file coords24.cif (mmCIF, C-alpha atoms)
data_data
#
loop_
_atom_site.label_atom_id
_atom_site.label_comp_id
_atom_site.auth_asym_id
_atom_site.auth_seq_id
_atom_site.Cartn_x
_atom_site.Cartn_y
_atom_site.Cartn_z
CA MET A 1 101.16 101.46 92.33
CA ASN A 2 97.70 100.16 91.47
CA THR A 3 95.28 101.94 89.13
CA GLN A 4 92.87 102.86 91.91
CA ARG A 5 95.62 104.57 93.88
CA SER A 6 96.86 106.43 90.78
CA GLU A 7 93.37 107.76 90.08
CA SER A 8 93.00 108.94 93.69
CA VAL A 9 96.22 110.95 93.38
CA ARG A 10 95.24 112.55 90.07
CA ASN A 11 91.77 113.38 91.32
CA SER A 12 92.80 114.68 94.75
CA LYS A 13 90.56 117.21 96.44
CA PRO A 14 91.45 120.91 96.36
CA LEU A 15 93.84 121.90 99.13
CA GLU A 16 92.48 123.68 102.16
CA PRO A 17 93.95 127.10 102.98
CA GLY A 18 97.00 127.00 105.20
CA LEU A 19 100.76 126.52 105.28
CA TYR A 20 102.16 123.24 103.93
CA ILE A 21 105.74 122.34 104.94
CA VAL A 22 106.95 120.24 102.00
CA ALA A 23 110.09 118.09 102.01
CA THR A 24 111.94 117.95 98.68
CA PRO A 25 114.66 115.57 97.41
CA ILE A 26 118.19 115.87 98.82
CA GLY A 27 119.72 114.54 95.64
CA ASN A 28 117.81 111.95 93.66
CA LEU A 29 114.68 113.49 92.16
CA GLY A 30 112.98 110.12 92.43
CA ASP A 31 112.70 110.67 96.18
CA VAL A 32 110.02 113.34 95.83
CA THR A 33 106.76 111.99 97.20
CA ILE A 34 103.44 111.78 95.36
CA ARG A 35 101.86 113.91 98.06
CA ALA A 36 104.57 116.57 97.73
CA VAL A 37 104.00 116.85 93.97
CA ASP A 38 100.26 117.14 94.55
CA VAL A 39 100.68 119.96 97.08
CA LEU A 40 103.22 121.87 94.99
CA ARG A 41 100.99 121.61 91.93
CA ASN A 42 97.83 122.77 93.70
CA CYS A 43 99.01 125.46 96.10
CA ALA A 44 98.71 129.17 95.33
CA VAL A 45 102.36 130.06 95.92
CA ILE A 46 105.58 128.29 96.89
CA ALA A 47 107.87 129.98 99.41
CA CYS A 48 111.45 128.89 98.70
CA GLU A 49 115.05 129.74 99.58
CA ASP A 50 116.22 130.14 95.98
CA THR A 51 113.80 130.33 93.06
CA ARG A 52 116.50 129.02 90.70
CA VAL A 53 117.02 125.84 92.73
CA THR A 54 113.33 125.20 93.33
CA GLY A 55 112.59 126.12 89.71
CA LYS A 56 114.68 123.18 88.51
CA LEU A 57 112.69 120.80 90.72
CA LEU A 58 109.36 122.23 89.55
CA LYS A 59 110.39 121.87 85.91
CA ALA A 60 111.39 118.25 86.50
CA ILE A 61 108.02 117.37 88.03
CA ASP A 62 106.01 119.54 85.59
CA VAL A 63 104.73 122.06 88.12
CA SER A 64 104.21 125.71 87.18
CA THR A 65 103.10 127.22 90.50
CA ARG A 66 104.48 130.70 91.11
CA MET A 67 107.32 131.04 93.60
CA ARG A 68 108.18 133.66 96.21
CA ARG A 69 111.68 133.86 97.67
CA TYR A 70 111.73 133.34 101.43
CA ASP A 71 115.06 132.94 103.23
CA ASP A 72 116.86 134.21 106.33
CA HIS A 73 117.03 137.68 104.80
CA ALA A 74 113.38 137.90 103.76
CA SER A 75 111.58 141.05 104.80
CA SER A 76 108.66 141.17 107.20
CA GLU A 77 106.55 142.28 104.21
CA THR A 78 107.28 138.96 102.48
CA ARG A 79 106.34 137.02 105.59
CA ASP A 80 103.14 139.06 105.96
CA PHE A 81 102.24 138.39 102.31
CA LEU A 82 102.66 134.63 102.78
CA LEU A 83 100.63 134.65 105.98
CA GLN A 84 97.86 136.72 104.43
CA THR A 85 97.74 134.38 101.44
CA ALA A 86 97.65 131.30 103.69
CA LEU A 87 94.50 132.61 105.37
CA SER A 88 92.50 132.02 102.17
CA GLU A 89 94.71 129.81 99.95
CA PRO A 90 97.24 126.99 100.33
CA VAL A 91 100.88 128.10 100.61
CA ALA A 92 103.80 125.66 100.37
CA LEU A 93 107.12 126.16 102.15
CA VAL A 94 110.18 124.35 100.75
CA SER A 95 113.93 124.54 101.26
CA ASP A 96 116.59 124.03 98.58
CA ALA A 97 116.76 120.34 99.54
CA GLY A 98 115.32 118.07 102.19
CA THR A 99 112.95 118.90 105.00
CA PRO A 100 112.35 122.61 105.67
CA LEU A 101 113.35 124.08 109.04
CA VAL A 102 116.14 121.51 109.61
CA SER A 103 119.02 124.00 109.58
CA ASP A 104 116.97 125.99 107.06
CA PRO A 105 114.88 129.16 107.21
CA GLY A 106 111.19 128.94 108.00
CA TYR A 107 110.97 128.83 111.78
CA ARG A 108 109.58 132.37 112.06
CA LEU A 109 107.05 131.79 109.31
CA VAL A 110 105.71 128.60 110.88
CA ARG A 111 105.57 130.18 114.32
CA ALA A 112 103.78 133.27 113.00
CA ALA A 113 101.30 131.07 111.10
CA ARG A 114 100.47 129.07 114.23
CA ASP A 115 100.11 132.27 116.26
CA ALA A 116 97.70 133.60 113.62
CA GLY A 117 95.58 130.46 113.80
CA ILE A 118 96.54 129.37 110.29
CA HIS A 119 96.38 125.64 109.65
CA VAL A 120 99.93 124.21 109.38
CA THR A 121 100.66 120.71 108.13
CA THR A 122 103.81 118.84 107.12
CA ILE A 123 104.47 116.76 104.02
CA PRO A 124 107.35 114.52 105.16
CA GLY A 125 110.09 113.19 102.94
CA ALA A 126 113.85 113.18 102.52
CA CYS A 127 116.08 114.43 105.36
CA ALA A 128 119.88 114.31 105.23
CA VAL A 129 120.16 113.88 109.02
CA VAL A 130 118.14 110.67 109.00
CA ALA A 131 119.66 109.41 105.75
CA GLY A 132 123.20 109.87 107.08
CA LEU A 133 122.34 108.24 110.39
CA THR A 134 120.90 105.16 108.72
CA LEU A 135 124.00 104.71 106.57
CA SER A 136 126.56 105.28 109.33
CA GLY A 137 126.07 102.07 111.32
CA LEU A 138 126.41 104.14 114.50
CA PRO A 139 123.95 103.69 117.40
CA ASN A 140 120.67 105.31 116.40
CA ASP A 141 118.34 104.58 119.31
CA ARG A 142 119.28 108.08 120.51
CA PHE A 143 120.89 110.87 118.51
CA LEU A 144 121.39 114.60 118.80
CA PHE A 145 121.38 116.85 115.74
CA ALA A 146 123.33 120.06 116.36
CA GLY A 147 123.33 121.82 112.99
CA PHE A 148 126.65 123.12 111.67
CA LEU A 149 129.79 123.16 113.79
CA PRO A 150 131.16 126.70 114.23
CA ASN A 151 133.91 127.74 111.83
CA LYS A 152 136.15 129.37 114.47
CA ASP A 153 138.49 126.99 116.31
CA LYS A 154 137.58 128.06 119.85
CA ALA A 155 133.84 128.11 119.19
CA ARG A 156 134.05 124.67 117.58
CA LYS A 157 135.93 123.29 120.59
CA ASP A 158 133.41 124.82 122.96
CA VAL A 159 130.53 123.10 121.17
CA LEU A 160 132.33 119.76 121.11
CA ASN A 161 133.17 120.09 124.81
CA GLU A 162 129.53 120.91 125.59
CA LEU A 163 128.14 117.92 123.71
CA GLY A 164 130.94 115.39 124.05
CA ALA A 165 129.86 113.78 127.31
CA ILE A 166 126.31 113.09 126.10
CA GLU A 167 125.87 109.36 125.61
CA THR A 168 124.37 109.52 122.15
CA THR A 169 125.42 109.78 118.52
CA LEU A 170 126.08 113.40 117.54
CA VAL A 171 125.05 114.54 114.07
CA PHE A 172 126.25 117.70 112.33
CA TYR A 173 126.04 119.23 108.89
CA GLU A 174 129.36 120.19 107.35
CA THR A 175 130.82 121.54 104.11
CA GLY A 176 133.65 120.16 102.01
CA PRO A 177 136.14 123.01 102.60
CA ARG A 178 135.68 122.81 106.40
CA LEU A 179 135.51 119.04 106.85
CA GLU A 180 139.21 118.32 107.40
CA ARG A 181 139.58 121.03 110.07
CA SER A 182 136.53 119.75 111.90
CA LEU A 183 137.86 116.19 111.81
CA ARG A 184 141.26 117.34 113.12
CA ALA A 185 139.54 119.14 116.01
CA ILE A 186 137.47 116.04 116.82
CA GLY A 187 140.58 113.84 116.64
CA GLU A 188 142.42 116.01 119.15
CA MET A 189 139.63 115.54 121.66
CA TRP A 190 138.48 111.98 120.96
CA PRO A 191 141.09 110.05 118.97
CA THR A 192 139.38 106.69 119.56
CA ARG A 193 135.74 107.55 118.91
CA GLU A 194 134.10 106.15 115.80
CA ILE A 195 133.31 108.82 113.23
CA ALA A 196 131.29 108.61 110.03
CA VAL A 197 131.18 110.96 107.06
CA ALA A 198 128.15 110.63 104.77
CA ARG A 199 128.14 112.68 101.60
CA GLU A 200 126.41 113.04 98.24
CA LEU A 201 123.43 111.27 99.79
CA THR A 202 121.04 109.63 97.28
CA LYS A 203 123.24 110.82 94.40
CA LEU A 204 125.40 108.83 91.98
CA HIS A 205 128.56 109.11 94.10
CA GLU A 206 126.95 108.56 97.51
CA GLU A 207 129.40 107.37 100.14
CA CYS A 208 129.59 106.79 103.86
CA ARG A 209 133.10 106.36 105.24
CA ALA A 210 133.75 105.40 108.87
CA GLY A 211 136.86 105.34 111.06
CA THR A 212 138.73 107.51 113.53
CA ALA A 213 138.73 111.24 113.04
CA ASP A 214 142.44 111.28 112.21
CA ASP A 215 142.10 108.52 109.62
CA LEU A 216 139.22 110.31 107.95
CA ALA A 217 141.05 113.66 108.05
CA GLN A 218 144.00 112.09 106.25
CA HIS A 219 141.72 110.56 103.64
CA TYR A 220 139.88 113.79 102.88
CA ALA A 221 143.10 115.80 102.87
CA ALA A 222 144.18 113.58 99.98
CA HIS A 223 140.70 113.45 98.42
CA PRO A 224 139.01 116.86 98.95
CA PRO A 225 135.27 116.22 99.26
CA LYS A 226 132.50 117.94 97.36
CA GLY A 227 128.81 118.25 98.07
CA GLU A 228 126.76 118.40 101.23
CA ILE A 229 128.08 116.39 104.17
CA VAL A 230 126.62 114.78 107.28
CA LEU A 231 129.26 114.32 110.00
CA LEU A 232 128.48 111.83 112.74
CA ILE A 233 130.32 111.17 116.01
CA GLY A 234 129.70 107.93 117.87
CA PRO A 235 128.83 108.08 121.57
CA PRO A 236 131.44 107.70 124.30
CA THR A 237 132.38 104.07 124.83
CA ASP A 238 133.01 102.35 128.14
CA ASN A 239 136.34 101.00 127.01
CA ALA A 240 137.82 104.27 125.74
CA PRO A 241 139.28 105.37 129.11
CA THR A 242 140.98 101.99 129.71
CA ALA A 243 143.80 102.82 127.30
CA ASP A 244 147.22 103.15 128.93
CA PRO A 245 147.67 106.87 129.80
CA ASP A 246 151.38 106.62 128.96
CA ASP A 247 150.55 105.35 125.48
CA LEU A 248 148.04 108.14 125.01
CA LEU A 249 150.56 110.72 126.19
CA ARG A 250 153.28 109.38 123.90
CA SER A 251 150.92 109.60 120.96
CA ALA A 252 149.85 113.14 121.86
CA LEU A 253 153.46 114.24 122.38
CA LEU A 254 154.28 113.47 118.76
CA ASP A 255 152.77 116.77 117.68
CA SER A 256 151.96 118.61 120.91
CA SER A 257 153.76 120.20 123.84
CA PRO A 258 153.60 118.42 127.23
CA SER A 259 150.97 120.88 128.40
CA LYS A 260 148.71 120.36 125.39
CA ALA A 261 149.29 116.61 125.43
CA ALA A 262 148.24 116.48 129.08
CA GLY A 263 145.12 118.49 128.27
CA LYS A 264 144.14 116.16 125.44
CA VAL A 265 144.59 113.02 127.53
CA ALA A 266 142.79 114.57 130.49
CA LYS A 267 139.74 115.18 128.30
CA MET A 268 139.88 111.64 126.95
CA THR A 269 140.32 109.86 130.26
CA GLY A 270 139.08 112.16 132.99
CA LEU A 271 142.44 111.86 134.76
CA ASP A 272 144.01 114.77 136.61
CA ARG A 273 145.64 117.15 134.13
CA GLN A 274 148.48 118.21 136.44
CA THR A 275 149.45 114.59 137.11
CA LEU A 276 149.39 113.91 133.38
CA TYR A 277 151.50 117.00 132.72
CA SER A 278 154.17 115.84 135.15
CA ARG A 279 154.19 112.43 133.51
CA ALA A 280 154.34 114.03 130.05
CA ILE A 281 157.48 115.93 131.08
CA GLU A 282 159.08 112.64 132.18
CA LEU A 283 158.15 110.89 128.94
CA LYS A 284 159.41 113.80 126.88
CA SER A 285 162.83 113.58 128.52
CA GLU A 286 163.20 109.83 128.01
#

call {"tool": "encode", "arguments": {"input": "coords24.cif", "output": "structure tokens"}}
result
Amino acid sequence: MNTQRSESVRNSKPLEPGLYIVATPIGNLGDVTIRAVDVLRNCAVIACEDTRVTGKLLKAIDVSTRMRRYDDHASSETRDFLLQTALSEPVALVSDAGTPLVSDPGYRLVRAARDAGIHVTTIPGACAVVAGLTLSGLPNDRFLFAGFLPNKDKARKDVLNELGAIETTLVFYETGPRLERSLRAIGEMWPTREIAVARELTKLHEECRAGTADDLAQHYAAHPPKGEIVLLIGPPTDNAPTADPDDLLRSALLDSSPSKAAGKVAKMTGLDRQTLYSRAIELKSE
């Protein structure tokens, strides 16, 4: 950075009143932007999910601005206080990590601020969705971010069924304890699709592992993952349905009944389930 630019940052103008949506690092503190530090240092109050988490960041960047907890359980009084403050002073909104409002609280606050005519601006920066997508090597000209997969088996399957036919890369957030179950569910539906698991993004042990869902499930069963996870599912491929239905049925029959095997292959290929079931019965008796 040149000296002229450094001076312009240190001597920045006072912030106008309003709500500032500030992205924070997702791992490496070096990813915080100069503009984010400037806003956090010069705002009147910082609305954050957890004052302990944000407090560590503020200490690291030498910022002493007061904080106010604002999460999914925040009261309407807290929201009203932040809005009232933003009418006359700058208020920053941060999440524990990354870009606020991306699977984080803040939607109601931003909407209420806009409805009240309060100036709202964003200070962009790190985002795990984008970071995971860039590492994955999966098609990124189109992608769909769908938050966290449901924890319940049926609800998870319903979401995957709803989104599975969309010709785009699907991106989800996931946690370590739930990852293997999610991969197993994906493998049952799309055993040939390319999957990527990106974790510990920007940290010392950052990794992005790609393969089939079953291969990845086996790996993480043997190596339980820690940290925040971005789970990516490649789009449907033109050549996936050309696999021999008998081969797919034989593979599915290894750990499923003929009825379930037929259902799995029907979803994969679009072939008639009843016809596949009859064939599965024949293969099972061979």

call {"tool": "atom_distance", "arguments": {"input": "coords24.cif", "atom1": "atom CA of A:Ser95", "atom2": "atom CA of A:Leu231"}}
result
20.4 Å

call {"tool": "resolve_selection", "arguments": {"input": "coords24.cif", "expression": "the PyMOL selection byres ((chain A and resi 138) around 12)", "output": "PyMOL selection string"}}
result
chain A and resi 130+132-137+139-143+168-171+193-198+208-211+231-237

call {"tool": "resolve_selection", "arguments": {"input": "coords24.cif", "expression": "the PyMOL selection byres ((chain A and resi 118) around 8)", "output": "list in words"}}
result
Gly18, Leu19, Leu83, Ala86, Leu87, Ala113, Arg114, Asp115, Ala116, Gly117, His119 and Val120 of chain A

call {"tool": "resolve_selection", "arguments": {"input": "coords24.cif", "expression": "the PyMOL selection byres ((chain A and resi 71) around 6)", "output": "PyMOL selection string"}}
result
chain A and resi 49+70+72-74+105

call {"tool": "atom_distance", "arguments": {"input": "coords24.cif", "atom1": "atom CA of A:Ser251", "atom2": "atom CA of A:Leu149"}}
result
26.1 Å

call {"tool": "closest_residue", "arguments": {"input": "coords24.cif", "among": "A:Pro25, A:Gly187, A:Pro14, A:Gly263", "to": "A:Tyr277", "atoms": "all atoms listed in the file"}}
result
A:Gly263

call {"tool": "axis_aligned_box", "arguments": {"input": "coords24.cif", "around": "stretch 165-169 of chain A", "padding_each_side": "8 Å", "output": "AutoDock Vina command-line options"}}
result
--center_x 127.1 --center_y 111.6 --center_z 122.9 --size_x 21.5 --size_y 20.4 --size_z 24.8

call {"tool": "closest_residue", "arguments": {"input": "coords24.cif", "among": "A:Glu228, A:Glu286, A:Asp214, A:Asp247", "to": "A:Phe172", "atoms": "only C-alpha atoms"}}
result
A:Glu228

call {"tool": "atom_distance", "arguments": {"input": "coords24.cif", "atom1": "atom CA of A:Leu101", "atom2": "atom CA of A:Leu201"}}
result
18.7 Å

call {"tool": "closest_residue", "arguments": {"input": "coords24.cif", "among": "A:Tyr20, A:Lys226, A:Glu188, A:Thr212", "to": "A:Ala266", "atoms": "only C-alpha atoms"}}
result
A:Glu188

call {"tool": "residues_around", "arguments": {"input": "coords24.cif", "residues": "A:Leu271", "least_positions_apart": "6", "cutoff": "10 Å", "atoms": "all atoms listed in the file", "output": "ChimeraX atom specification"}}
result
/A:241,245,262-263,265

call {"tool": "build_atoms", "arguments": {"input": "coords24.cif", "residues": "stretch 143-159 of chain A", "atoms": "N, CA, C and O atoms", "output": "JSON list (two decimals), in the frame of the given file"}}
result
[["chain", "number", "residue", "atom", "x", "y", "z"],
["A", 143, "PHE", "N", 119.92, 110.03, 119.20],
["A", 143, "PHE", "CA", 120.89, 110.87, 118.51],
["A", 143, "PHE", "C", 120.55, 112.33, 118.74],
["A", 143, "PHE", "O", 119.42, 112.68, 119.05],
["A", 144, "LEU", "N", 121.56, 113.17, 118.60],
["A", 144, "LEU", "CA", 121.39, 114.60, 118.80],
["A", 144, "LEU", "C", 121.89, 115.32, 117.55],
["A", 144, "LEU", "O", 123.05, 115.20, 117.18],
["A", 145, "PHE", "N", 121.00, 116.05, 116.90],
["A", 145, "PHE", "CA", 121.38, 116.85, 115.74],
["A", 145, "PHE", "C", 121.69, 118.26, 116.21],
["A", 145, "PHE", "O", 120.89, 118.89, 116.88],
["A", 146, "ALA", "N", 122.88, 118.76, 115.85],
["A", 146, "ALA", "CA", 123.33, 120.06, 116.36],
["A", 146, "ALA", "C", 123.69, 121.04, 115.25],
["A", 146, "ALA", "O", 124.50, 121.94, 115.45],
["A", 147, "GLY", "N", 123.10, 120.86, 114.07],
["A", 147, "GLY", "CA", 123.33, 121.82, 112.99],
["A", 147, "GLY", "C", 124.76, 121.80, 112.49],
["A", 147, "GLY", "O", 125.41, 120.77, 112.41],
["A", 148, "PHE", "N", 125.28, 122.99, 112.15],
["A", 148, "PHE", "CA", 126.65, 123.12, 111.67],
["A", 148, "PHE", "C", 127.58, 123.40, 112.84],
["A", 148, "PHE", "O", 127.25, 124.19, 113.73],
["A", 149, "LEU", "N", 128.76, 122.79, 112.83],
["A", 149, "LEU", "CA", 129.79, 123.16, 113.79],
["A", 149, "LEU", "C", 130.28, 124.57, 113.48],
["A", 149, "LEU", "O", 130.37, 124.94, 112.30],
["A", 150, "PRO", "N", 130.63, 125.36, 114.50],
["A", 150, "PRO", "CA", 131.16, 126.70, 114.23],
["A", 150, "PRO", "C", 132.45, 126.63, 113.41],
["A", 150, "PRO", "O", 133.19, 125.66, 113.48],
["A", 151, "ASN", "N", 132.73, 127.70, 112.68],
["A", 151, "ASN", "CA", 133.91, 127.74, 111.83],
["A", 151, "ASN", "C", 135.17, 128.12, 112.61],
["A", 151, "ASN", "O", 136.27, 127.66, 112.30],
["A", 152, "LYS", "N", 135.00, 128.92, 113.66],
["A", 152, "LYS", "CA", 136.15, 129.37, 114.47],
["A", 152, "LYS", "C", 136.61, 128.24, 115.39],
["A", 152, "LYS", "O", 135.78, 127.53, 115.97],
["A", 153, "ASP", "N", 137.93, 128.11, 115.55],
["A", 153, "ASP", "CA", 138.49, 126.99, 116.31],
["A", 153, "ASP", "C", 137.97, 126.93, 117.74],
["A", 153, "ASP", "O", 137.56, 125.86, 118.22],
["A", 154, "LYS", "N", 138.00, 128.07, 118.44],
["A", 154, "LYS", "CA", 137.58, 128.06, 119.85],
["A", 154, "LYS", "C", 136.09, 127.74, 119.97],
["A", 154, "LYS", "O", 135.69, 126.95, 120.83],
["A", 155, "ALA", "N", 135.28, 128.36, 119.12],
["A", 155, "ALA", "CA", 133.84, 128.11, 119.19],
["A", 155, "ALA", "C", 133.53, 126.64, 118.88],
["A", 155, "ALA", "O", 132.65, 126.03, 119.50],
["A", 156, "ARG", "N", 134.26, 126.07, 117.92],
["A", 156, "ARG", "CA", 134.05, 124.67, 117.58],
["A", 156, "ARG", "C", 134.39, 123.79, 118.78],
["A", 156, "ARG", "O", 133.65, 122.86, 119.11],
["A", 157, "LYS", "N", 135.53, 124.08, 119.42],
["A", 157, "LYS", "CA", 135.93, 123.29, 120.59],
["A", 157, "LYS", "C", 134.92, 123.42, 121.72],
["A", 157, "LYS", "O", 134.62, 122.44, 122.41],
["A", 158, "ASP", "N", 134.39, 124.62, 121.90],
["A", 158, "ASP", "CA", 133.41, 124.82, 122.96],
["A", 158, "ASP", "C", 132.17, 123.97, 122.73],
["A", 158, "ASP", "O", 131.62, 123.37, 123.67],
["A", 159, "VAL", "N", 131.71, 123.90, 121.48],
["A", 159, "VAL", "CA", 130.53, 123.10, 121.17],
["A", 159, "VAL", "C", 130.82, 121.62, 121.39],
["A", 159, "VAL", "O", 130.01, 120.89, 121.98]]
